[in-house]
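The structure file target_12.cif is reproduced below (mmCIF, N, CA and C atoms and all ligand atoms).
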data_upload
#
loop_
_atom_site.label_atom_id
_atom_site.label_comp_id
_atom_site.auth_asym_id
_atom_site.auth_seq_id
_atom_site.Cartn_x
_atom_site.Cartn_y
_atom_site.Cartn_z
N MET H 1 0.85 -1.20 0.00
CA MET H 1 0.00 0.00 0.00
C MET H 1 0.88 1.24 0.00
N VAL H 2 0.73 2.03 -0.99
CA VAL H 2 1.54 3.23 -1.11
C VAL H 2 0.61 4.43 -1.22
N HIS H 3 0.80 5.39 -0.36
CA HIS H 3 -0.01 6.59 -0.47
C HIS H 3 0.66 7.58 -1.40
N SER H 4 -0.11 8.15 -2.25
CA SER H 4 0.46 9.10 -3.20
C SER H 4 0.78 10.40 -2.51
N HIS H 5 1.85 10.88 -2.91
CA HIS H 5 2.52 12.06 -2.45
C HIS H 5 1.92 13.23 -3.24
N GLU H 6 1.89 14.39 -2.66
CA GLU H 6 1.35 15.57 -3.37
C GLU H 6 2.10 15.86 -4.67
N GLN H 7 3.41 15.69 -4.60
CA GLN H 7 4.25 15.97 -5.77
C GLN H 7 3.87 15.06 -6.95
N ALA H 8 3.33 13.92 -6.63
CA ALA H 8 3.02 12.93 -7.67
C ALA H 8 1.96 13.43 -8.64
N ARG H 9 1.18 14.43 -8.23
CA ARG H 9 0.16 14.91 -9.16
C ARG H 9 0.55 16.19 -9.89
N CYS H 10 1.82 16.52 -9.85
CA CYS H 10 2.30 17.68 -10.61
C CYS H 10 2.83 17.21 -11.96
N CYS H 11 2.48 17.95 -12.99
CA CYS H 11 2.92 17.59 -14.35
C CYS H 11 4.45 17.58 -14.41
N PRO H 12 5.05 16.50 -14.94
CA PRO H 12 6.52 16.45 -15.00
C PRO H 12 7.11 17.46 -15.99
N ASP H 13 6.29 17.96 -16.92
CA ASP H 13 6.81 18.94 -17.88
C ASP H 13 6.70 20.37 -17.37
N CYS H 14 5.52 20.76 -16.91
CA CYS H 14 5.33 22.16 -16.54
C CYS H 14 5.26 22.37 -15.02
N GLY H 15 5.11 21.29 -14.26
CA GLY H 15 5.09 21.41 -12.80
C GLY H 15 3.76 21.87 -12.21
N VAL H 16 2.77 22.11 -13.06
CA VAL H 16 1.47 22.56 -12.55
C VAL H 16 0.74 21.38 -11.90
N ARG H 17 0.18 21.63 -10.72
CA ARG H 17 -0.51 20.59 -9.98
C ARG H 17 -1.89 20.36 -10.61
N SER H 18 -2.19 19.09 -10.86
CA SER H 18 -3.46 18.76 -11.49
C SER H 18 -4.47 18.32 -10.46
N GLY H 19 -5.70 18.73 -10.65
CA GLY H 19 -6.79 18.24 -9.82
C GLY H 19 -7.77 17.43 -10.65
N ARG H 20 -7.37 17.10 -11.87
CA ARG H 20 -8.29 16.42 -12.78
C ARG H 20 -7.81 15.02 -13.14
N PRO H 21 -8.32 14.02 -12.42
CA PRO H 21 -7.91 12.65 -12.73
C PRO H 21 -8.40 12.23 -14.11
N HIS H 22 -7.63 11.42 -14.78
CA HIS H 22 -7.98 10.92 -16.11
C HIS H 22 -8.38 9.46 -16.02
N SER H 23 -7.53 8.63 -15.42
CA SER H 23 -7.82 7.21 -15.31
C SER H 23 -6.90 6.60 -14.27
N TRP H 24 -6.99 5.31 -14.10
CA TRP H 24 -6.15 4.59 -13.14
C TRP H 24 -5.30 3.58 -13.87
N VAL H 25 -4.09 3.38 -13.36
CA VAL H 25 -3.17 2.42 -13.94
C VAL H 25 -2.64 1.57 -12.80
N ARG H 26 -2.67 0.25 -12.95
CA ARG H 26 -2.15 -0.60 -11.88
C ARG H 26 -0.76 -1.09 -12.24
N THR H 27 0.17 -0.92 -11.32
CA THR H 27 1.53 -1.45 -11.53
C THR H 27 1.88 -2.33 -10.35
N ARG H 28 2.80 -3.23 -10.57
CA ARG H 28 3.24 -4.14 -9.51
C ARG H 28 4.78 -4.12 -9.44
N PRO H 29 5.34 -3.05 -8.92
CA PRO H 29 6.80 -3.00 -8.83
C PRO H 29 7.33 -4.02 -7.83
N ARG H 30 8.45 -4.62 -8.15
CA ARG H 30 9.11 -5.56 -7.24
C ARG H 30 9.75 -4.77 -6.11
N ASP H 31 9.75 -5.36 -4.92
CA ASP H 31 10.37 -4.70 -3.77
C ASP H 31 11.35 -5.67 -3.11
N LEU H 32 11.99 -5.21 -2.06
CA LEU H 32 12.96 -6.05 -1.35
C LEU H 32 12.30 -7.32 -0.83
N PRO H 33 13.04 -8.42 -0.83
CA PRO H 33 12.48 -9.63 -0.24
C PRO H 33 12.34 -9.47 1.27
N VAL H 34 11.39 -10.14 1.84
CA VAL H 34 11.19 -10.14 3.29
C VAL H 34 11.38 -11.58 3.76
N ALA H 35 12.31 -11.78 4.69
CA ALA H 35 12.61 -13.12 5.19
C ALA H 35 12.85 -14.10 4.04
N GLY H 36 13.59 -13.61 3.04
CA GLY H 36 13.93 -14.47 1.92
C GLY H 36 12.82 -14.70 0.91
N ARG H 37 11.68 -14.09 1.13
CA ARG H 37 10.56 -14.28 0.20
C ARG H 37 10.39 -13.08 -0.70
N ARG H 38 10.10 -13.40 -1.93
CA ARG H 38 9.86 -12.38 -2.92
C ARG H 38 8.61 -11.57 -2.57
N THR H 39 8.69 -10.27 -2.73
CA THR H 39 7.54 -9.43 -2.43
C THR H 39 7.25 -8.54 -3.63
N GLY H 40 6.08 -8.02 -3.64
CA GLY H 40 5.72 -7.07 -4.68
C GLY H 40 4.69 -6.13 -4.11
N LEU H 41 4.67 -4.95 -4.63
CA LEU H 41 3.67 -3.97 -4.23
C LEU H 41 2.63 -3.90 -5.33
N THR H 42 1.45 -3.60 -4.97
CA THR H 42 0.47 -3.26 -5.99
C THR H 42 0.17 -1.79 -5.81
N TRP H 43 0.44 -1.04 -6.82
CA TRP H 43 0.20 0.40 -6.76
C TRP H 43 -0.79 0.76 -7.84
N THR H 44 -1.95 1.20 -7.40
CA THR H 44 -2.93 1.68 -8.36
C THR H 44 -2.71 3.18 -8.44
N LYS H 45 -2.08 3.59 -9.49
CA LYS H 45 -1.72 5.00 -9.58
C LYS H 45 -2.62 5.72 -10.56
N ARG H 46 -2.71 6.99 -10.38
CA ARG H 46 -3.57 7.80 -11.22
C ARG H 46 -2.86 8.32 -12.44
N ARG H 47 -3.63 8.42 -13.48
CA ARG H 47 -3.19 9.20 -14.64
C ARG H 47 -3.96 10.51 -14.53
N TRP H 48 -3.24 11.60 -14.62
CA TRP H 48 -3.84 12.93 -14.48
C TRP H 48 -3.85 13.65 -15.81
N ARG H 49 -4.76 14.59 -15.94
CA ARG H 49 -4.75 15.49 -17.09
C ARG H 49 -3.93 16.70 -16.68
N CYS H 50 -3.07 17.17 -17.56
CA CYS H 50 -2.38 18.42 -17.27
C CYS H 50 -3.39 19.55 -17.48
N VAL H 51 -3.51 20.43 -16.49
CA VAL H 51 -4.51 21.50 -16.56
C VAL H 51 -3.93 22.80 -17.13
N ASN H 52 -2.66 22.77 -17.47
CA ASN H 52 -2.01 23.95 -18.03
C ASN H 52 -2.24 23.97 -19.54
N GLY H 53 -3.01 24.92 -20.01
CA GLY H 53 -3.32 25.01 -21.43
C GLY H 53 -2.09 25.26 -22.31
N GLN H 54 -1.01 25.79 -21.71
CA GLN H 54 0.22 26.09 -22.46
C GLN H 54 1.11 24.85 -22.61
N CYS H 55 0.80 23.80 -21.84
CA CYS H 55 1.69 22.64 -21.80
C CYS H 55 1.31 21.66 -22.91
N ARG H 56 2.32 21.07 -23.55
CA ARG H 56 2.04 20.13 -24.64
C ARG H 56 1.64 18.76 -24.13
N ARG H 57 1.96 18.46 -22.87
CA ARG H 57 1.62 17.15 -22.31
C ARG H 57 0.14 17.15 -21.92
N LYS H 58 -0.59 16.17 -22.39
CA LYS H 58 -2.01 16.12 -22.08
C LYS H 58 -2.29 15.35 -20.79
N THR H 59 -1.58 14.24 -20.61
CA THR H 59 -1.80 13.43 -19.41
C THR H 59 -0.44 12.93 -18.90
N PHE H 60 -0.42 12.53 -17.65
CA PHE H 60 0.80 11.95 -17.08
C PHE H 60 0.39 11.04 -15.94
N THR H 61 1.22 10.05 -15.65
CA THR H 61 0.94 9.18 -14.50
C THR H 61 1.80 9.62 -13.32
N GLU H 62 1.31 9.29 -12.16
CA GLU H 62 2.01 9.61 -10.93
C GLU H 62 3.36 8.90 -10.90
N ALA H 63 4.32 9.56 -10.27
CA ALA H 63 5.62 8.93 -10.04
C ALA H 63 6.03 9.31 -8.63
N LEU H 64 6.77 8.45 -8.01
CA LEU H 64 7.27 8.72 -6.66
C LEU H 64 8.78 8.53 -6.68
N PRO H 65 9.51 9.22 -5.79
CA PRO H 65 10.95 9.01 -5.75
C PRO H 65 11.31 7.54 -5.51
N SER H 66 10.48 6.84 -4.76
CA SER H 66 10.79 5.44 -4.46
C SER H 66 10.43 4.48 -5.59
N ILE H 67 9.65 4.96 -6.55
CA ILE H 67 9.28 4.13 -7.70
C ILE H 67 9.31 5.03 -8.93
N PRO H 68 10.48 5.11 -9.58
CA PRO H 68 10.61 6.02 -10.72
C PRO H 68 9.68 5.63 -11.87
N PRO H 69 9.38 6.57 -12.76
CA PRO H 69 8.52 6.27 -13.90
C PRO H 69 9.07 5.10 -14.71
N ARG H 70 8.20 4.25 -15.14
CA ARG H 70 8.53 3.08 -15.97
C ARG H 70 9.42 2.06 -15.27
N SER H 71 9.74 2.27 -14.01
CA SER H 71 10.57 1.29 -13.32
C SER H 71 9.71 0.16 -12.81
N ARG H 72 10.21 -1.05 -12.92
CA ARG H 72 9.49 -2.21 -12.41
C ARG H 72 10.04 -2.64 -11.06
N LEU H 73 11.02 -1.90 -10.55
CA LEU H 73 11.61 -2.18 -9.25
C LEU H 73 11.51 -0.94 -8.39
N THR H 74 11.40 -1.12 -7.09
CA THR H 74 11.47 0.05 -6.22
C THR H 74 12.94 0.50 -6.16
N SER H 75 13.14 1.76 -5.82
CA SER H 75 14.51 2.29 -5.74
C SER H 75 15.32 1.53 -4.70
N ARG H 76 14.66 1.14 -3.58
CA ARG H 76 15.46 0.46 -2.55
C ARG H 76 15.88 -0.93 -2.97
N LEU H 77 15.07 -1.61 -3.78
CA LEU H 77 15.50 -2.91 -4.28
C LEU H 77 16.68 -2.73 -5.24
N ARG H 78 16.56 -1.76 -6.12
CA ARG H 78 17.63 -1.50 -7.09
C ARG H 78 18.93 -1.15 -6.36
N THR H 79 18.82 -0.30 -5.34
CA THR H 79 20.00 0.10 -4.57
C THR H 79 20.62 -1.10 -3.86
N SER H 80 19.78 -1.96 -3.29
CA SER H 80 20.29 -3.12 -2.57
C SER H 80 21.03 -4.08 -3.48
N VAL H 81 20.53 -4.26 -4.69
CA VAL H 81 21.21 -5.13 -5.66
C VAL H 81 22.59 -4.54 -5.97
N GLY H 82 22.64 -3.24 -6.21
CA GLY H 82 23.91 -2.59 -6.52
C GLY H 82 24.90 -2.70 -5.37
N GLU H 83 24.40 -2.51 -4.15
CA GLU H 83 25.29 -2.56 -2.99
C GLU H 83 25.78 -3.98 -2.71
N ALA H 84 24.97 -4.96 -3.02
CA ALA H 84 25.39 -6.35 -2.80
C ALA H 84 26.66 -6.64 -3.58
N VAL H 85 26.76 -6.06 -4.77
CA VAL H 85 27.93 -6.28 -5.62
C VAL H 85 29.04 -5.29 -5.25
N ALA H 86 28.70 -4.02 -5.17
CA ALA H 86 29.73 -2.99 -4.96
C ALA H 86 30.34 -3.07 -3.56
N ASP H 87 29.53 -3.35 -2.54
CA ASP H 87 30.02 -3.30 -1.17
C ASP H 87 30.23 -4.67 -0.53
N ARG H 88 29.53 -5.67 -1.01
CA ARG H 88 29.62 -6.96 -0.33
C ARG H 88 30.24 -8.06 -1.18
N GLY H 89 30.77 -7.68 -2.34
CA GLY H 89 31.54 -8.63 -3.11
C GLY H 89 30.76 -9.74 -3.80
N ARG H 90 29.45 -9.58 -3.92
CA ARG H 90 28.68 -10.58 -4.66
C ARG H 90 28.94 -10.35 -6.15
N THR H 91 28.80 -11.41 -6.94
CA THR H 91 28.86 -11.20 -8.39
C THR H 91 27.48 -10.74 -8.83
N VAL H 92 27.43 -10.22 -10.05
CA VAL H 92 26.14 -9.78 -10.59
C VAL H 92 25.18 -10.96 -10.64
N VAL H 93 25.70 -12.12 -11.04
CA VAL H 93 24.86 -13.32 -11.15
C VAL H 93 24.30 -13.70 -9.77
N GLN H 94 25.17 -13.65 -8.75
CA GLN H 94 24.71 -14.00 -7.39
C GLN H 94 23.66 -13.00 -6.90
N ALA H 95 23.93 -11.72 -7.13
CA ALA H 95 22.98 -10.70 -6.66
C ALA H 95 21.64 -10.85 -7.38
N ALA H 96 21.70 -11.15 -8.67
CA ALA H 96 20.46 -11.35 -9.43
C ALA H 96 19.67 -12.52 -8.85
N ARG H 97 20.39 -13.58 -8.51
CA ARG H 97 19.73 -14.76 -7.95
C ARG H 97 19.18 -14.44 -6.54
N ASP H 98 20.00 -13.77 -5.72
CA ASP H 98 19.58 -13.46 -4.35
C ASP H 98 18.30 -12.61 -4.32
N PHE H 99 18.24 -11.66 -5.22
CA PHE H 99 17.10 -10.74 -5.21
C PHE H 99 16.03 -11.13 -6.22
N GLU H 100 16.26 -12.24 -6.92
CA GLU H 100 15.30 -12.74 -7.92
C GLU H 100 14.95 -11.69 -8.97
N VAL H 101 16.01 -11.09 -9.50
CA VAL H 101 15.82 -10.18 -10.62
C VAL H 101 16.64 -10.74 -11.78
N SER H 102 16.38 -10.24 -12.98
CA SER H 102 17.12 -10.74 -14.14
C SER H 102 18.55 -10.18 -14.14
N TRP H 103 19.39 -10.86 -14.89
CA TRP H 103 20.79 -10.40 -14.97
C TRP H 103 20.88 -8.97 -15.49
N PRO H 104 20.18 -8.61 -16.58
CA PRO H 104 20.29 -7.21 -17.06
C PRO H 104 19.83 -6.19 -16.01
N VAL H 105 18.80 -6.53 -15.26
CA VAL H 105 18.31 -5.62 -14.21
C VAL H 105 19.38 -5.46 -13.13
N ALA H 106 19.96 -6.59 -12.72
CA ALA H 106 21.01 -6.53 -11.69
C ALA H 106 22.21 -5.75 -12.20
N ASN H 107 22.59 -6.01 -13.45
CA ASN H 107 23.76 -5.33 -14.00
C ASN H 107 23.55 -3.82 -14.08
N THR H 108 22.35 -3.42 -14.45
CA THR H 108 22.03 -1.99 -14.51
C THR H 108 22.13 -1.37 -13.12
N ALA H 109 21.63 -2.09 -12.12
CA ALA H 109 21.69 -1.59 -10.74
C ALA H 109 23.14 -1.44 -10.28
N VAL H 110 23.97 -2.41 -10.66
CA VAL H 110 25.38 -2.37 -10.27
C VAL H 110 26.09 -1.20 -10.95
N THR H 111 25.81 -1.01 -12.22
CA THR H 111 26.41 0.11 -12.95
C THR H 111 26.02 1.44 -12.30
N ALA H 112 24.74 1.55 -11.94
CA ALA H 112 24.26 2.78 -11.31
C ALA H 112 24.93 2.99 -9.95
N ALA H 113 25.10 1.90 -9.18
CA ALA H 113 25.75 2.01 -7.87
C ALA H 113 27.21 2.43 -8.04
N ALA H 114 27.87 1.86 -9.05
CA ALA H 114 29.28 2.19 -9.28
C ALA H 114 29.42 3.66 -9.70
N GLU H 115 28.52 4.11 -10.56
CA GLU H 115 28.56 5.51 -11.00
C GLU H 115 28.29 6.45 -9.83
N ALA H 116 27.35 6.07 -8.98
CA ALA H 116 27.04 6.90 -7.82
C ALA H 116 28.24 6.97 -6.89
N ALA H 117 28.91 5.83 -6.72
CA ALA H 117 30.08 5.78 -5.83
C ALA H 117 31.21 6.65 -6.37
N GLU H 118 31.32 6.71 -7.68
CA GLU H 118 32.38 7.51 -8.30
C GLU H 118 31.97 8.96 -8.46
N GLY H 119 30.74 9.26 -8.14
CA GLY H 119 30.29 10.64 -8.25
C GLY H 119 29.89 11.05 -9.66
N HIS H 120 29.89 10.08 -10.58
CA HIS H 120 29.50 10.43 -11.95
C HIS H 120 28.02 10.75 -12.06
N ALA H 121 27.26 10.24 -11.13
CA ALA H 121 25.81 10.45 -11.22
C ALA H 121 25.40 11.81 -10.67
N ALA H 122 26.36 12.53 -10.08
CA ALA H 122 26.02 13.78 -9.40
C ALA H 122 25.31 14.79 -10.29
N GLY H 123 25.70 14.85 -11.56
CA GLY H 123 25.08 15.83 -12.44
C GLY H 123 23.81 15.35 -13.12
N ASP H 124 23.48 14.08 -12.94
CA ASP H 124 22.28 13.54 -13.59
C ASP H 124 21.03 14.02 -12.88
N ALA H 125 20.03 14.29 -13.68
CA ALA H 125 18.73 14.64 -13.09
C ALA H 125 18.12 13.38 -12.49
N PRO H 126 17.72 13.44 -11.23
CA PRO H 126 17.09 12.24 -10.67
C PRO H 126 15.80 11.93 -11.42
N GLY H 127 15.53 10.67 -11.56
CA GLY H 127 14.31 10.28 -12.25
C GLY H 127 14.45 10.27 -13.76
N ASP H 128 15.61 10.68 -14.24
CA ASP H 128 15.79 10.71 -15.69
C ASP H 128 16.82 9.67 -16.12
N ARG H 129 17.07 8.72 -15.26
CA ARG H 129 18.08 7.72 -15.57
C ARG H 129 17.49 6.67 -16.50
N ARG H 130 18.06 6.56 -17.66
CA ARG H 130 17.59 5.57 -18.63
C ARG H 130 18.28 4.24 -18.36
N ASP H 131 17.63 3.19 -18.73
CA ASP H 131 18.22 1.86 -18.60
C ASP H 131 19.34 1.74 -19.64
N PRO H 132 20.59 1.64 -19.20
CA PRO H 132 21.67 1.58 -20.19
C PRO H 132 21.81 0.23 -20.88
N THR H 133 21.07 -0.76 -20.43
CA THR H 133 21.18 -2.09 -21.02
C THR H 133 20.34 -2.13 -22.29
N ARG H 134 21.01 -2.28 -23.39
CA ARG H 134 20.28 -2.34 -24.66
C ARG H 134 20.35 -3.75 -25.20
N GLU H 135 19.43 -4.07 -26.05
CA GLU H 135 19.42 -5.40 -26.66
C GLU H 135 20.74 -5.66 -27.36
N GLY H 136 21.18 -6.88 -27.25
CA GLY H 136 22.41 -7.25 -27.94
C GLY H 136 23.66 -6.95 -27.14
N GLU H 137 23.51 -6.27 -26.02
CA GLU H 137 24.67 -5.92 -25.22
C GLU H 137 24.87 -6.85 -24.04
N VAL H 138 23.93 -7.72 -23.82
CA VAL H 138 23.98 -8.54 -22.63
C VAL H 138 24.88 -9.75 -22.86
N PRO H 139 25.98 -9.82 -22.12
CA PRO H 139 26.87 -10.97 -22.28
C PRO H 139 26.22 -12.22 -21.70
N PRO H 140 26.72 -13.40 -22.04
CA PRO H 140 26.16 -14.62 -21.45
C PRO H 140 26.24 -14.54 -19.94
N GLY H 141 25.19 -14.91 -19.28
CA GLY H 141 25.05 -14.70 -17.85
C GLY H 141 26.09 -15.31 -16.94
N ARG H 142 26.41 -16.56 -17.08
CA ARG H 142 27.18 -17.28 -16.08
C ARG H 142 28.57 -16.68 -15.84
N GLY H 143 28.79 -16.20 -14.63
CA GLY H 143 30.11 -15.73 -14.24
C GLY H 143 30.51 -14.38 -14.83
N ALA H 144 29.63 -13.79 -15.62
CA ALA H 144 30.00 -12.52 -16.23
C ALA H 144 29.94 -11.41 -15.19
N ARG H 145 30.90 -10.54 -15.19
CA ARG H 145 30.84 -9.40 -14.31
C ARG H 145 31.43 -8.20 -15.01
N ARG H 146 31.02 -7.05 -14.55
CA ARG H 146 31.47 -5.82 -15.18
C ARG H 146 32.82 -5.36 -14.66
N ARG H 147 33.16 -5.68 -13.42
CA ARG H 147 34.38 -5.16 -12.86
C ARG H 147 35.10 -6.19 -12.03
ZN ZN H 201 1.93 20.18 -17.98
#
Now that the file is in, can you turn its structure into structure tokens?
Amino acid sequence: MVHSHEQARCCPDCGVRSGRPHSWVRTRPRDLPVAGRRTGLTWTKRRWRCVNGQCRRKTFTEALPSIPPRSRLTSRLRTSVGEAVADRGRTVVQAARDFEVSWPVANTAVTAAAEAAEGHAAGDAPGDRRDPTREGEVPPGRGARRR
């Protein structure tokens, strides 16, 4: 159960707060395991109409810092996967298995954790991080690691 934050109903393009719901969208982002068991959240989020006549965006869905737009994982799960590799010496394959995420998802989390640790992410706009894993770039899973 996630309560929507006030900021979640502000248009991401113009920042104007909307009071006009458009529809509902259900998402099920993966979250941290609890006692070794896989968990998931069900978030029924709103799609809002942008009420700013000057804005080109007509509708937008809610986003929260803990669940970025289009992300299928919560931020804390993504961070934990990255830290398992960066700080605790797990391989990407082990971390993917431990957290029951796919290898590309784990690898992306590790890359993001490494960039954050090096300070490269400092200039990036939060919430605008694209998935750097593109088709055809994924090496064979077993034993593969980035660093
Ligand atoms: Zn707008």
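The residue that comes closest to ligand ZN 201 (chain H), out of H:Glu115, H:Arg56, H:Thr74, H:Val34 and on the basis of all atoms listed in the file, is H:Arg56.
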Point to revise | Nearby residues (all atoms listed in the file) at most 6.5 Å from Arg47 (chain H), same-chain spacing under 3 positions excluded, as a ChimeraX atom specification | key: /H:20-25,59-62
Exercise for review: Mind the document's chain letters and residue numbers, and return as a VMD selection string the residues of region 29-112 of chain H that DSSP labels strand (DSSP E).
Suggested key: chain H and resid 30 to 34 37 to 40 43 to 49 59 to 61
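Taking only N, CA and C atoms and all ligand atoms into account, ligand ZN 201 (chain H) has within 6.5 Å the residues H:Cys11, H:Pro12, H:Asp13, H:Cys14, H:Gly15, H:Val16, H:Cys50, H:Val51, H:Asn52, H:Cys55, H:Arg56, H:Arg57, H:Lys58.
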Output N, CA and C atoms for every residue in the selection just made, as a PDB file, in the coordinates of the input.
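In the end it all went to out-v5.pdb:
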ATOM      1  N   CYS H  11       2.480  17.950 -12.990  1.00  0.00           N
ATOM      2  CA  CYS H  11       2.920  17.590 -14.350  1.00  0.00           C
ATOM      3  C   CYS H  11       4.450  17.580 -14.410  1.00  0.00           C
ATOM      4  N   PRO H  12       5.050  16.500 -14.940  1.00  0.00           N
ATOM      5  CA  PRO H  12       6.520  16.450 -15.000  1.00  0.00           C
ATOM      6  C   PRO H  12       7.110  17.460 -15.990  1.00  0.00           C
ATOM      7  N   ASP H  13       6.290  17.960 -16.920  1.00  0.00           N
ATOM      8  CA  ASP H  13       6.810  18.940 -17.880  1.00  0.00           C
ATOM      9  C   ASP H  13       6.700  20.370 -17.370  1.00  0.00           C
ATOM     10  N   CYS H  14       5.520  20.760 -16.910  1.00  0.00           N
ATOM     11  CA  CYS H  14       5.330  22.160 -16.540  1.00  0.00           C
ATOM     12  C   CYS H  14       5.260  22.370 -15.020  1.00  0.00           C
ATOM     13  N   GLY H  15       5.110  21.290 -14.260  1.00  0.00           N
ATOM     14  CA  GLY H  15       5.090  21.410 -12.800  1.00  0.00           C
ATOM     15  C   GLY H  15       3.760  21.870 -12.210  1.00  0.00           C
ATOM     16  N   VAL H  16       2.770  22.110 -13.060  1.00  0.00           N
ATOM     17  CA  VAL H  16       1.470  22.560 -12.550  1.00  0.00           C
ATOM     18  C   VAL H  16       0.740  21.380 -11.900  1.00  0.00           C
ATOM     19  N   CYS H  50      -3.070  17.170 -17.560  1.00  0.00           N
ATOM     20  CA  CYS H  50      -2.380  18.420 -17.270  1.00  0.00           C
ATOM     21  C   CYS H  50      -3.390  19.550 -17.480  1.00  0.00           C
ATOM     22  N   VAL H  51      -3.510  20.430 -16.490  1.00  0.00           N
ATOM     23  CA  VAL H  51      -4.510  21.500 -16.560  1.00  0.00           C
ATOM     24  C   VAL H  51      -3.930  22.800 -17.130  1.00  0.00           C
ATOM     25  N   ASN H  52      -2.660  22.770 -17.470  1.00  0.00           N
ATOM     26  CA  ASN H  52      -2.010  23.950 -18.030  1.00  0.00           C
ATOM     27  C   ASN H  52      -2.240  23.970 -19.540  1.00  0.00           C
ATOM     28  N   CYS H  55       0.800  23.800 -21.840  1.00  0.00           N
ATOM     29  CA  CYS H  55       1.690  22.640 -21.800  1.00  0.00           C
ATOM     30  C   CYS H  55       1.310  21.660 -22.910  1.00  0.00           C
ATOM     31  N   ARG H  56       2.320  21.070 -23.550  1.00  0.00           N
ATOM     32  CA  ARG H  56       2.040  20.130 -24.640  1.00  0.00           C
ATOM     33  C   ARG H  56       1.640  18.760 -24.130  1.00  0.00           C
ATOM     34  N   ARG H  57       1.960  18.460 -22.870  1.00  0.00           N
ATOM     35  CA  ARG H  57       1.620  17.150 -22.310  1.00  0.00           C
ATOM     36  C   ARG H  57       0.140  17.150 -21.920  1.00  0.00           C
ATOM     37  N   LYS H  58      -0.590  16.170 -22.390  1.00  0.00           N
ATOM     38  CA  LYS H  58      -2.010  16.120 -22.080  1.00  0.00           C
ATOM     39  C   LYS H  58      -2.290  15.350 -20.790  1.00  0.00           C
TER      40      LYS H  58
END
Review point. Pick the closest to Ala86 (chain H) from H:Gln54, H:Thr44, H:Cys10, H:Ala113: which is it, counting only C-alpha atoms?
Key: H:Ala113
**Study point:** Selection: 7 Å around Arg30 (chain H), all atoms listed in the file, excl. self and same-chain fewer than 5 positions, as a list in words
**Key:** Thr39, Gly40, Leu41, Ser71, Arg72, Leu73, Thr74 and Leu77 of chain H
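For the pair CA of Ser66 (chain H) and CA of Arg90 (chain H), the separation is 24.0 Å.
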Which residues are close to Arg9 (chain H), i.e. within 6 Å by only C-alpha atoms, leaving aside same-chain residues fewer than 3 positions away? Reply as an mmCIF file with N, CA and C atoms, in the frame of the given file.
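Output file out-v6.cif follows:
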data_model
loop_
_atom_site.group_PDB
_atom_site.id
_atom_site.type_symbol
_atom_site.label_atom_id
_atom_site.label_comp_id
_atom_site.auth_asym_id
_atom_site.auth_seq_id
_atom_site.Cartn_x
_atom_site.Cartn_y
_atom_site.Cartn_z
ATOM 1 N N GLU H 6 1.890 14.390 -2.660
ATOM 2 C CA GLU H 6 1.350 15.570 -3.370
ATOM 3 C C GLU H 6 2.100 15.860 -4.670
ATOM 4 N N ARG H 17 0.180 21.630 -10.720
ATOM 5 C CA ARG H 17 -0.510 20.590 -9.980
ATOM 6 C C ARG H 17 -1.890 20.360 -10.610
ATOM 7 N N SER H 18 -2.190 19.090 -10.860
ATOM 8 C CA SER H 18 -3.460 18.760 -11.490
ATOM 9 C C SER H 18 -4.470 18.320 -10.460
ATOM 10 N N GLU H 62 1.310 9.290 -12.160
ATOM 11 C CA GLU H 62 2.010 9.610 -10.930
ATOM 12 C C GLU H 62 3.360 8.900 -10.900
#
Study note, to complete from the structure: Atom pair CA of Arg70 (chain H) + CA of Gly53 (chain H), distance 25.5 Å
Review point. What is the CA of Leu32 (chain H) to CA of Ala63 (chain H) distance in Å?
Key: 18.8 Å
Review point. Which residue, H:Ile67, H:Val105, H:Ala8, H:Ala96, has the smallest gap to Pro29 (chain H) when you use all atoms listed in the file?
Key: H:Ile67
Review point. Between H:Pro65, H:Gly19, H:Gly82, H:Pro33, which one has atoms that come closest to Thr111 (chain H), using only N, CA and C atoms?
Key: H:Gly82
